[in-house]
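The next block holds one structure in the form of structure tokens; read it before the comments.
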Amino acid sequence: MGKDFITRRAFLGSVKSSVGKSIIVLSSSAIVAACRDSKFARAAGEAFVNLNETEASEFDAIAGRILPSTTSPGAKEAGVVYFIDNVLDDSRSAEFDVLKKGLQELRASASQKFNSPNFFSLNEAQQDSLLRQAESTAFFSTMRYLVIAGMFALPEYGGNKDSVGYDLMGFDDRHSWLSPYGYYDADYLEKGE
């Protein structure tokens with residue numbers, strides 16, 4: 001196993017930690033819907049629906065530091081920012097406001113510490129430094145939760161583009177499986193095949 005491989009225990013621990021502190025918790029159907037919509041938006045090259053270009057660049061940079069690209073693809077390659085854009089629709093305006101406030105605070109820190117108006121224009125070490133300071137906030141926990149949800153959701157619904165999340169976990173996403181399966185398992189066993 002490569003050094004970038006995430007263990008199942010580490011992954012589940014990260015998800016549990018993120019869900020507990022996140023201001024947004026999505027049901028499975030909400031994740032599927034957001035993935036589906038993000039897949040179509042990304043494929044069509046559409047503009048973001050809920051994020052402006054600066055917010056999209058900032059959230060993409062944050063996602064890229066939460067699950068960075070190394071020898072394997074990360075959140076940027078998985079298109080997580082499109083997932084985030086779809087989750088932050090009008091029904092979650094209060095949560096979006098909290099994330100906007102957190103983003104403003106992050107940008108203020110970038111300006112104060114590194115004389116940069118944007119988080120996304122900082123180098124990785126500077127970005128990591130600012131994110132470590134925000135690690136205990138609801139903003140960061142929510143971002144981590146959304147990144148994980150977008151990274152490991154079903155690829156056919158727009159999350160986990162090109163199955164990069166599955167590859168990261170070492171999950172074999174086969175499209176077909178060998179028999180027996182389904183209602184005829186007993187018949188299969190009876191024939192001794």
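Please note that chains go A, B, ... in the order of the structure tokens, that every chain numbers its residues from 1, and that ligands are numbered from 1 in the order shown.
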| task | Using only C-alpha atoms, determine which residues lie at most 8 Å from Val81 in chain A, disregarding the query and same-chain residues fewer than 3 positions distant; provide the list as a list in words. | result | Ala56, Phe59, Asp60, Ala63, Lys76, Ile84 and Asp85 of chain A
Output N, CA and C atoms of each residue in that selection to a file, as an mmCIF file, in the first residue's frame.
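So the final result, stored in out37.cif, reads:
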data_model
loop_
_atom_site.group_PDB
_atom_site.id
_atom_site.type_symbol
_atom_site.label_atom_id
_atom_site.label_comp_id
_atom_site.auth_asym_id
_atom_site.auth_seq_id
_atom_site.Cartn_x
_atom_site.Cartn_y
_atom_site.Cartn_z
ATOM 1 N N ALA A 56 -15.938 30.164 -5.107
ATOM 2 C CA ALA A 56 -15.626 28.852 -5.675
ATOM 3 C C ALA A 56 -14.123 28.595 -5.636
ATOM 4 N N PHE A 59 -13.232 27.977 -1.869
ATOM 5 C CA PHE A 59 -13.681 26.669 -1.394
ATOM 6 C C PHE A 59 -12.902 25.539 -2.068
ATOM 7 N N ASP A 60 -12.564 25.723 -3.339
ATOM 8 C CA ASP A 60 -11.774 24.723 -4.054
ATOM 9 C C ASP A 60 -10.375 24.600 -3.433
ATOM 10 N N ALA A 63 -10.765 22.829 -0.058
ATOM 11 C CA ALA A 63 -10.972 21.396 -0.307
ATOM 12 C C ALA A 63 -9.660 20.737 -0.714
ATOM 13 N N LYS A 76 -9.695 18.399 -5.497
ATOM 14 C CA LYS A 76 -9.825 19.227 -6.708
ATOM 15 C C LYS A 76 -10.149 18.366 -7.920
ATOM 16 N N ILE A 84 -20.110 21.086 -3.403
ATOM 17 C CA ILE A 84 -20.353 22.122 -2.390
ATOM 18 C C ILE A 84 -21.303 23.174 -2.930
ATOM 19 N N ASP A 85 -21.096 23.583 -4.168
ATOM 20 C CA ASP A 85 -21.974 24.577 -4.799
ATOM 21 C C ASP A 85 -23.431 24.117 -4.799
#
| said: If you run DSSP on the backbone here, which positions in range 77-130 of chain A get helix (DSSP H, G or I)? Please write them as a PyMOL selection string. | reply: chain A and resi 80-87+90-114+124-130
How would the residues just picked look written out with N, CA and C atoms as a short mmCIF file (atom, residue, chain, number, x, y, z; two decimals), in the first residue's frame?
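Final output, part16.cif:
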data_model
loop_
_atom_site.label_atom_id
_atom_site.label_comp_id
_atom_site.auth_asym_id
_atom_site.auth_seq_id
_atom_site.Cartn_x
_atom_site.Cartn_y
_atom_site.Cartn_z
N VAL A 80 -14.97 18.39 -6.06
CA VAL A 80 -15.72 18.60 -4.82
C VAL A 80 -16.37 19.98 -4.77
N VAL A 81 -15.76 20.99 -5.38
CA VAL A 81 -16.32 22.34 -5.31
C VAL A 81 -17.70 22.40 -5.98
N TYR A 82 -17.93 21.58 -7.01
CA TYR A 82 -19.26 21.54 -7.64
C TYR A 82 -20.29 20.91 -6.70
N PHE A 83 -19.86 19.92 -5.96
CA PHE A 83 -20.73 19.30 -4.95
C PHE A 83 -21.10 20.35 -3.89
N ILE A 84 -20.11 21.09 -3.40
CA ILE A 84 -20.35 22.12 -2.39
C ILE A 84 -21.30 23.17 -2.93
N ASP A 85 -21.10 23.58 -4.17
CA ASP A 85 -21.97 24.58 -4.80
C ASP A 85 -23.43 24.12 -4.80
N ASN A 86 -23.66 22.85 -5.10
CA ASN A 86 -25.02 22.34 -5.14
C ASN A 86 -25.64 22.15 -3.76
N VAL A 87 -24.81 21.84 -2.78
CA VAL A 87 -25.33 21.67 -1.42
C VAL A 87 -25.79 23.01 -0.84
N ASP A 90 -30.60 27.54 -1.84
CA ASP A 90 -31.43 28.46 -1.05
C ASP A 90 -31.98 27.85 0.23
N SER A 91 -32.16 26.55 0.26
CA SER A 91 -32.71 25.91 1.46
C SER A 91 -31.70 25.90 2.60
N ARG A 92 -30.46 26.20 2.32
CA ARG A 92 -29.42 26.23 3.35
C ARG A 92 -28.78 27.61 3.45
N SER A 93 -29.58 28.64 3.31
CA SER A 93 -29.02 29.99 3.32
C SER A 93 -28.39 30.35 4.67
N ALA A 94 -28.95 29.89 5.76
CA ALA A 94 -28.37 30.19 7.08
C ALA A 94 -27.00 29.53 7.21
N GLU A 95 -26.89 28.28 6.78
CA GLU A 95 -25.62 27.58 6.84
C GLU A 95 -24.60 28.20 5.89
N PHE A 96 -25.08 28.61 4.70
CA PHE A 96 -24.21 29.26 3.73
C PHE A 96 -23.67 30.56 4.32
N ASP A 97 -24.51 31.29 5.05
CA ASP A 97 -24.07 32.53 5.69
C ASP A 97 -22.96 32.26 6.70
N VAL A 98 -23.08 31.17 7.44
CA VAL A 98 -22.03 30.80 8.40
C VAL A 98 -20.73 30.49 7.65
N LEU A 99 -20.83 29.77 6.55
CA LEU A 99 -19.64 29.45 5.77
C LEU A 99 -19.04 30.70 5.14
N LYS A 100 -19.88 31.62 4.68
CA LYS A 100 -19.37 32.88 4.13
C LYS A 100 -18.63 33.67 5.20
N LYS A 101 -19.18 33.68 6.41
CA LYS A 101 -18.52 34.38 7.51
C LYS A 101 -17.17 33.73 7.83
N GLY A 102 -17.14 32.42 7.88
CA GLY A 102 -15.88 31.71 8.10
C GLY A 102 -14.88 31.99 7.00
N LEU A 103 -15.36 32.06 5.78
CA LEU A 103 -14.49 32.36 4.65
C LEU A 103 -13.94 33.79 4.76
N GLN A 104 -14.80 34.73 5.17
CA GLN A 104 -14.34 36.12 5.38
C GLN A 104 -13.25 36.17 6.45
N GLU A 105 -13.43 35.42 7.53
CA GLU A 105 -12.43 35.39 8.60
C GLU A 105 -11.12 34.78 8.10
N LEU A 106 -11.23 33.75 7.28
CA LEU A 106 -10.04 33.12 6.72
C LEU A 106 -9.32 34.08 5.79
N ARG A 107 -10.06 34.79 4.99
CA ARG A 107 -9.47 35.77 4.08
C ARG A 107 -8.85 36.94 4.84
N ALA A 108 -9.49 37.34 5.95
CA ALA A 108 -8.92 38.40 6.78
C ALA A 108 -7.60 37.95 7.38
N SER A 109 -7.53 36.70 7.81
CA SER A 109 -6.28 36.16 8.34
C SER A 109 -5.21 36.10 7.25
N ALA A 110 -5.60 35.75 6.03
CA ALA A 110 -4.65 35.72 4.91
C ALA A 110 -4.10 37.10 4.64
N SER A 111 -4.96 38.09 4.72
CA SER A 111 -4.54 39.47 4.50
C SER A 111 -3.62 39.96 5.61
N GLN A 112 -4.02 39.67 6.84
CA GLN A 112 -3.26 40.14 8.00
C GLN A 112 -1.89 39.46 8.09
N LYS A 113 -1.85 38.14 7.95
CA LYS A 113 -0.60 37.40 8.14
C LYS A 113 0.30 37.36 6.91
N PHE A 114 -0.32 37.32 5.74
CA PHE A 114 0.48 37.10 4.53
C PHE A 114 0.28 38.18 3.46
N GLU A 124 0.91 26.48 -0.28
CA GLU A 124 0.32 25.40 0.52
C GLU A 124 0.66 25.51 2.00
N ALA A 125 1.89 25.86 2.32
CA ALA A 125 2.30 25.98 3.73
C ALA A 125 1.51 27.09 4.42
N GLN A 126 1.32 28.20 3.75
CA GLN A 126 0.55 29.31 4.32
C GLN A 126 -0.92 28.91 4.50
N GLN A 127 -1.48 28.23 3.49
CA GLN A 127 -2.87 27.76 3.58
C GLN A 127 -3.02 26.79 4.75
N ASP A 128 -2.11 25.85 4.87
CA ASP A 128 -2.18 24.88 5.97
C ASP A 128 -2.10 25.57 7.32
N SER A 129 -1.27 26.58 7.42
CA SER A 129 -1.12 27.32 8.68
C SER A 129 -2.45 27.97 9.08
N LEU A 130 -3.11 28.59 8.13
CA LEU A 130 -4.40 29.24 8.42
C LEU A 130 -5.49 28.21 8.74
#
| Atom-to-atom span, CA of Glu53 in chain A and CA of Met143 in chain A, Å | 17.4 Å
| field | CA of Ser121 in chain A to CA of Ala61 in chain A, straight-line distance in Å | value | 8.7 Å
| said: From the options A:Arg144, A:Glu77, A:Thr70, A:Ile62, which residue's atoms come nearest to Leu122 in chain A, counting only C-alpha atoms? | reply: A:Ile62
| task | Between A:Ala149, A:Asn123, A:Asn50, A:Asn118, single out the one closest to Arg65 in chain A, counting only C-alpha atoms. | result | A:Asn123
| request: Rank A:Asn52, A:Thr71, A:Ser57, A:Ser136 by their smallest atom-to-atom distance to Phe120 in chain A, using only C-alpha atoms, and report the top residue only. | output: A:Ser57
